[in-house]
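Inspection log for the structure reproduced underneath, given as structure tokens.
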Amino acid sequence: MKIVIAPDSFKESLTALEVATAIETGFKRVFPDAEYVKLPMADGGEGTVQSLVDATKGKMIEVEVTAPLGEKIKSFFGLSGDGKTAIIEMAAASGLHLVPPEKRNPLITTSYGTGELIKHALDLGVEKFILGIGGSATNDGGVGMLQALGMQFLDAQGKQIGSGGAQLANLAKIDTKGLDPRLQNVYIDVACDVNNPLCGERGASAIFGPQKGATPEMVQQLDHALAHFAKIAKRDCDKDIAEQAGAGAAGGMGGGLLLLPNVQLKAGVQIVLDTLNLAHYVQDADYVITGEGRMDAQSIMGKTPIGVARTAKQFNKPVIAIVGCLREDYEVVFAHGIDAVFPIIRQLGAIEDILKQGEQNLISAAQNVARVLTLR
């Protein structure tokens with residue numbers, strides 16, 4: 001018997017690898033001689049670096065970068081086991097959590113640190129990037145990131161514009177001559193699960209600006225600045241990013257990245273599925289086990305278990321989800337490839353205690369699922 005275990009993390013409780021290991025432990029109590037394949041998964045958001053590092057037996061690289069407000073911080077990125085792929089979370093350098101709530105102001109926050117992470121990875125000779133762009137504190141169109149990589153954004157006096165989304169209004173010229181030449185020889189897959197355009201009522205500023213501290217007045221100012229940036233980018237870079245689906249992700253980072261060579265915006269979970277070659281492992285599996293911290297109707301919107309299930313169903317494999325908890329609307333997952341769902345919480349208690357009990361609860365639930373399978 002072959003069992004493929006491909007879960008996401010249980011946020012604030014267990015990493016994806018810890019979840020997979022706990023499920024394996026529970027199943028081994030019933031099927032000790034089965035073949036187990038553990039593939040820690042993610043959907044391109046928080047936890048993707050850790051999952052892909054664990055899955056490829058890679059390592060974490062710690063570096064110093066520039067935070068959204070300009071101070072230096074310790075950050076990190078992942079390097080795959082073969083040393084060829086860098087896995088970067090924008091939030092590790094330019095994330096909203098790095099800015100205290102009272103200081104959040106997308107007029108001035110910069111994505112420069114994300115560019116520094118990319119540059120550090122280039123120094124290690126990587127050939128490919130997987131870049132997750134969720135959770136940002138910025139609305140600068142990725143210009144800070146591009147500045148860190150050598151692209152120049154000049155005002156009418158020929159000087160570099162300052163940091164932050166508001167400064168884009170002063171942009172007069174984009175000079176790409178100084179862009180790091182190593183970028184011509186690498187590929188960048190961007191985990192992008194929104195299709196918002198750069199500007200307008202569904203754009204970066206209007207949809208995501210308020211959560212980053214933007215007032216209604218700031219939203220208008222930022223939107224106009226991004227529209228101006230798009231206009232200059234079309235003229236100087238011959239790239240039309242204003243209406244591109246996904247360009248509005250992460251404060252316009254999606255649009256800024258499109259000014260680089262060899263960039264593709266993709267669904268985050270699909271990037272992970274392809275990178276780990278899940279289809280190869282499930283094609284001869286007897287069971288596929290997946291999971292996440294909470295399963296609900298939102299799970300069908302690009303989350304890991306559904307991505308795993310759809311891959312498994314290409315080979316008509318049964319898919320079981322073991323999850324932290326359920327919401328009452330979770331049953332929609334049955335129409336998207338999940339065959340059965342089992343929550344793990346054994347008894348009610350304080351959320352802090354339940355999170356600490358995650359591993360033991362998961363082992364117990366996995367063992368019970370395995371016992372059900374013996375009844376065939």
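Quick note on naming: the chains in the structure tokens go A, B, ... in the order shown, residues restart at 1 in each chain, and ligands are numbered from 1 in order of appearance.
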
Shell around Tyr187 in chain A at 12 Å using only C-alpha atoms, local window under 6 positions removed, as a VMD selection string:
chain A and resid 84 to 86 118 122 126 to 131 257 to 258 260 to 265

With N, CA, C and O atoms retained, could you export that selection as a short mmCIF file (atom, residue, chain, number, x, y, z; two decimals), in the first residue's frame?
data_model
loop_
_atom_site.label_atom_id
_atom_site.label_comp_id
_atom_site.auth_asym_id
_atom_site.auth_seq_id
_atom_site.Cartn_x
_atom_site.Cartn_y
_atom_site.Cartn_z
N LYS A 84 19.32 25.28 -6.72
CA LYS A 84 18.98 25.96 -7.97
C LYS A 84 17.78 26.90 -7.86
O LYS A 84 17.58 27.74 -8.74
N THR A 85 16.98 26.76 -6.80
CA THR A 85 15.76 27.55 -6.68
C THR A 85 15.75 28.32 -5.37
O THR A 85 15.98 27.74 -4.30
N ALA A 86 15.47 29.60 -5.45
CA ALA A 86 15.27 30.44 -4.26
C ALA A 86 13.78 30.60 -4.03
O ALA A 86 13.03 30.86 -4.97
N ILE A 118 16.10 39.15 -3.42
CA ILE A 118 16.34 38.60 -4.76
C ILE A 118 17.83 38.70 -5.11
O ILE A 118 18.43 37.75 -5.63
N LEU A 122 20.55 35.80 -6.05
CA LEU A 122 21.33 35.81 -7.28
C LEU A 122 22.81 35.57 -6.98
O LEU A 122 23.52 34.90 -7.75
N VAL A 126 21.43 31.04 -8.14
CA VAL A 126 20.19 30.30 -8.41
C VAL A 126 19.77 30.49 -9.87
O VAL A 126 20.15 31.47 -10.52
N GLU A 127 18.95 29.55 -10.33
CA GLU A 127 18.44 29.60 -11.70
C GLU A 127 16.96 29.95 -11.77
O GLU A 127 16.45 30.31 -12.83
N LYS A 128 16.28 29.82 -10.63
CA LYS A 128 14.84 30.03 -10.62
C LYS A 128 14.42 30.63 -9.28
O LYS A 128 15.03 30.36 -8.24
N PHE A 129 13.36 31.43 -9.33
CA PHE A 129 12.78 32.01 -8.13
C PHE A 129 11.31 31.60 -8.02
O PHE A 129 10.59 31.55 -9.02
N ILE A 130 10.90 31.30 -6.82
CA ILE A 130 9.48 31.23 -6.49
C ILE A 130 9.24 32.35 -5.50
O ILE A 130 9.83 32.37 -4.41
N LEU A 131 8.40 33.29 -5.88
CA LEU A 131 8.20 34.50 -5.08
C LEU A 131 6.75 34.66 -4.68
O LEU A 131 5.87 34.83 -5.53
N LEU A 257 6.84 43.60 -11.05
CA LEU A 257 7.59 42.40 -11.43
C LEU A 257 7.50 42.12 -12.93
O LEU A 257 8.43 41.56 -13.52
N LEU A 258 6.39 42.53 -13.54
CA LEU A 258 6.24 42.29 -14.97
C LEU A 258 7.20 43.13 -15.82
O LEU A 258 7.33 42.90 -17.03
N LEU A 260 10.33 42.97 -15.25
CA LEU A 260 11.53 42.14 -15.30
C LEU A 260 11.40 41.08 -16.39
O LEU A 260 10.29 40.71 -16.78
N PRO A 261 12.52 40.54 -16.87
CA PRO A 261 12.44 39.46 -17.87
C PRO A 261 12.02 38.15 -17.21
O PRO A 261 12.22 37.93 -16.01
N ASN A 262 11.41 37.27 -17.99
CA ASN A 262 11.15 35.88 -17.59
C ASN A 262 10.31 35.76 -16.32
O ASN A 262 10.59 34.92 -15.45
N VAL A 263 9.26 36.57 -16.22
CA VAL A 263 8.38 36.55 -15.05
C VAL A 263 7.00 36.03 -15.45
O VAL A 263 6.46 36.43 -16.49
N GLN A 264 6.45 35.15 -14.63
CA GLN A 264 5.09 34.69 -14.83
C GLN A 264 4.31 34.78 -13.52
O GLN A 264 4.83 34.38 -12.47
N LEU A 265 3.10 35.31 -13.58
CA LEU A 265 2.20 35.31 -12.43
C LEU A 265 1.35 34.04 -12.50
O LEU A 265 0.70 33.79 -13.51
#

Please provide the set of residues having any atom within 6 Å of Ala191 in chain A, restricted to only C-alpha atoms, with same-chain residues fewer than 3 positions apart removed, written as a VMD selection string.
chain A and resid 44 131 to 132 266 to 268

Written file, previous selection with all heavy atoms, as a PDB file, in the first residue's frame:
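Resulting contents of part.pdb:
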ATOM      1  N   GLY A  44       1.429  29.150  -1.668  1.00  0.00           N
ATOM      2  CA  GLY A  44       2.108  30.350  -2.134  1.00  0.00           C
ATOM      3  C   GLY A  44       2.102  31.470  -1.122  1.00  0.00           C
ATOM      4  O   GLY A  44       2.798  32.467  -1.287  1.00  0.00           O
ATOM      5  N   LEU A 131       8.397  33.293  -5.878  1.00  0.00           N
ATOM      6  CA  LEU A 131       8.203  34.504  -5.083  1.00  0.00           C
ATOM      7  C   LEU A 131       6.747  34.656  -4.677  1.00  0.00           C
ATOM      8  O   LEU A 131       5.871  34.834  -5.526  1.00  0.00           O
ATOM      9  CB  LEU A 131       8.654  35.729  -5.897  1.00  0.00           C
ATOM     10  CG  LEU A 131       8.463  37.113  -5.275  1.00  0.00           C
ATOM     11  CD1 LEU A 131       9.177  37.229  -3.938  1.00  0.00           C
ATOM     12  CD2 LEU A 131       8.963  38.202  -6.237  1.00  0.00           C
ATOM     13  N   GLY A 132       6.481  34.556  -3.390  1.00  0.00           N
ATOM     14  CA  GLY A 132       5.150  34.793  -2.857  1.00  0.00           C
ATOM     15  C   GLY A 132       4.998  36.252  -2.475  1.00  0.00           C
ATOM     16  O   GLY A 132       5.866  36.805  -1.797  1.00  0.00           O
ATOM     17  N   LYS A 266       1.366  33.253 -11.431  1.00  0.00           N
ATOM     18  CA  LYS A 266       0.647  31.975 -11.423  1.00  0.00           C
ATOM     19  C   LYS A 266      -0.087  31.792 -10.106  1.00  0.00           C
ATOM     20  O   LYS A 266       0.252  32.413  -9.098  1.00  0.00           O
ATOM     21  CB  LYS A 266       1.628  30.806 -11.589  1.00  0.00           C
ATOM     22  CG  LYS A 266       2.410  30.765 -12.881  1.00  0.00           C
ATOM     23  CD  LYS A 266       3.313  29.533 -12.891  1.00  0.00           C
ATOM     24  CE  LYS A 266       4.082  29.378 -14.182  1.00  0.00           C
ATOM     25  NZ  LYS A 266       4.953  28.165 -14.142  1.00  0.00           N
ATOM     26  N   ALA A 267      -1.072  30.892 -10.098  1.00  0.00           N
ATOM     27  CA  ALA A 267      -1.728  30.511  -8.853  1.00  0.00           C
ATOM     28  C   ALA A 267      -0.689  29.876  -7.934  1.00  0.00           C
ATOM     29  O   ALA A 267       0.070  29.001  -8.349  1.00  0.00           O
ATOM     30  CB  ALA A 267      -2.857  29.526  -9.123  1.00  0.00           C
ATOM     31  N   GLY A 268      -0.666  30.325  -6.676  1.00  0.00           N
ATOM     32  CA  GLY A 268       0.360  29.877  -5.755  1.00  0.00           C
ATOM     33  C   GLY A 268       0.398  28.375  -5.561  1.00  0.00           C
ATOM     34  O   GLY A 268       1.470  27.754  -5.600  1.00  0.00           O
TER      35      GLY A 268
END

Using only C-alpha atoms, which residues sit within 7 Å of Pro106 in chain A once same-chain residues fewer than 5 positions away are excluded, as number ranges by chain?
A: 137-139, 164-165, 212-214

If you run DSSP over the backbone, which residues in range 27-146 of chain A end up strand (DSSP E)? Put them as a PyMOL selection string.
chain A and resi 35-38+59-66+72-79+85-89+128-132

Could you pull out the helix (DSSP H, G or I) residues of range 152-269 of chain A, going by DSSP on the backbone, and write them as a short mmCIF file (atom, residue, chain, number, x, y, z; two decimals) with C-alpha atoms, in the first residue's frame?
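The result, stored in out.cif:
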data_model
loop_
_atom_site.label_atom_id
_atom_site.label_comp_id
_atom_site.auth_asym_id
_atom_site.auth_seq_id
_atom_site.Cartn_x
_atom_site.Cartn_y
_atom_site.Cartn_z
CA GLY A 165 3.77 54.95 -3.20
CA ALA A 166 3.34 58.73 -3.15
CA GLN A 167 6.73 59.25 -4.82
CA LEU A 168 5.55 57.55 -8.01
CA ALA A 169 3.72 60.76 -8.86
CA ASN A 170 7.14 62.41 -9.34
CA PRO A 181 22.17 41.46 -15.87
CA ARG A 182 21.87 38.11 -14.05
CA LEU A 183 18.09 38.51 -14.18
CA GLN A 184 18.21 37.75 -17.91
CA ASN A 185 19.22 34.17 -17.12
CA ALA A 204 -4.18 47.82 -5.61
CA SER A 205 -4.89 51.05 -3.78
CA ALA A 206 -8.68 50.78 -3.52
CA ILE A 207 -8.85 47.11 -2.54
CA PHE A 208 -5.74 46.61 -0.43
CA PRO A 210 -6.99 50.54 3.59
CA GLN A 211 -5.61 47.47 5.37
CA LYS A 212 -2.15 49.01 5.02
CA PRO A 216 -9.81 57.41 1.51
CA GLU A 217 -7.76 60.46 0.53
CA MET A 218 -4.58 58.39 0.47
CA VAL A 219 -6.28 55.74 -1.68
CA GLN A 220 -7.02 58.35 -4.35
CA GLN A 221 -3.48 59.73 -4.18
CA LEU A 222 -1.93 56.27 -4.41
CA ASP A 223 -4.19 55.21 -7.27
CA HIS A 224 -3.25 58.28 -9.30
CA ALA A 225 0.43 57.66 -8.57
CA LEU A 226 0.22 54.04 -9.76
CA ALA A 227 -1.63 55.11 -12.91
CA HIS A 228 1.18 57.58 -13.62
CA PHE A 229 3.76 54.83 -13.02
CA ALA A 230 1.94 52.55 -15.48
CA LYS A 231 1.91 55.30 -18.10
CA ILE A 232 5.69 55.85 -17.80
CA ALA A 233 6.32 52.07 -17.78
CA LYS A 234 4.42 51.69 -21.04
CA ARG A 235 6.43 54.48 -22.65
CA ASP A 236 9.91 53.56 -21.34
CA CYS A 237 9.67 49.76 -20.93
CA ALA A 249 -1.39 42.27 -6.11
CA ALA A 250 0.72 43.33 -3.12
CA GLY A 251 0.36 47.05 -3.68
CA GLY A 252 1.22 46.80 -7.36
CA MET A 253 4.18 44.45 -6.86
CA GLY A 254 2.59 42.17 -9.46
CA GLY A 255 2.81 44.97 -12.00
CA GLY A 256 6.34 45.96 -11.07
CA LEU A 257 7.59 42.40 -11.43
CA GLY A 268 0.36 29.88 -5.75
CA VAL A 269 -0.78 26.33 -5.10
#

What lies within 10 Å of Gln357 in chain A using only C-alpha atoms, ignoring chain neighbours under 2 positions off, as a list in words?
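Returned residues: Ser13, Leu14, Ile344, Ile345, Arg346, Ile351, Glu352, Asp353, Ile354, Leu355, Glu359, Gln360, Asn361 and Leu362 of chain A.
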
Considering only C-alpha atoms, state which residue in the set A:Arg29, A:Lys2, A:Lys303, A:Lys159 is at the smallest distance from Ser364 in chain A.
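Result for the nearest residue to Ser364 in chain A: A:Arg29.
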
Which residue is closest to Glu46 in chain A? Choose from A:Thr25, A:Ser94, A:Asn368, A:Ser9 and count only C-alpha atoms.
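With only C-alpha atoms as the atom set, the closest residue is A:Ser9.
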
Pick out the residues sitting within 6 Å of Ile289 in chain A, and hand them over as a list in words; count only C-alpha atoms, and ignore anything fewer than 6 positions along from it in its own chain.
Ile5, Val319, Ile320 and Ala321 of chain A

Pick out the closest residue to Val63 in chain A from this set: A:Ser80, A:Ser75, A:Gln152, A:Thr290. Count only C-alpha atoms.
A:Ser75

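A straight line drawn from CA of Leu171 in chain A to CA of Leu149 in chain A is 17.6 Å long.
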
Considering only C-alpha atoms, return as a list in words whatever protein or nucleic-acid residues lie within 8 Å of Leu326 in chain A, sequence-local ones (same chain, fewer than 2 positions apart) excluded.
Arg294, Met295, Asp296, Val323, Gly324, Glu328, Tyr330 and Pro343 of chain A
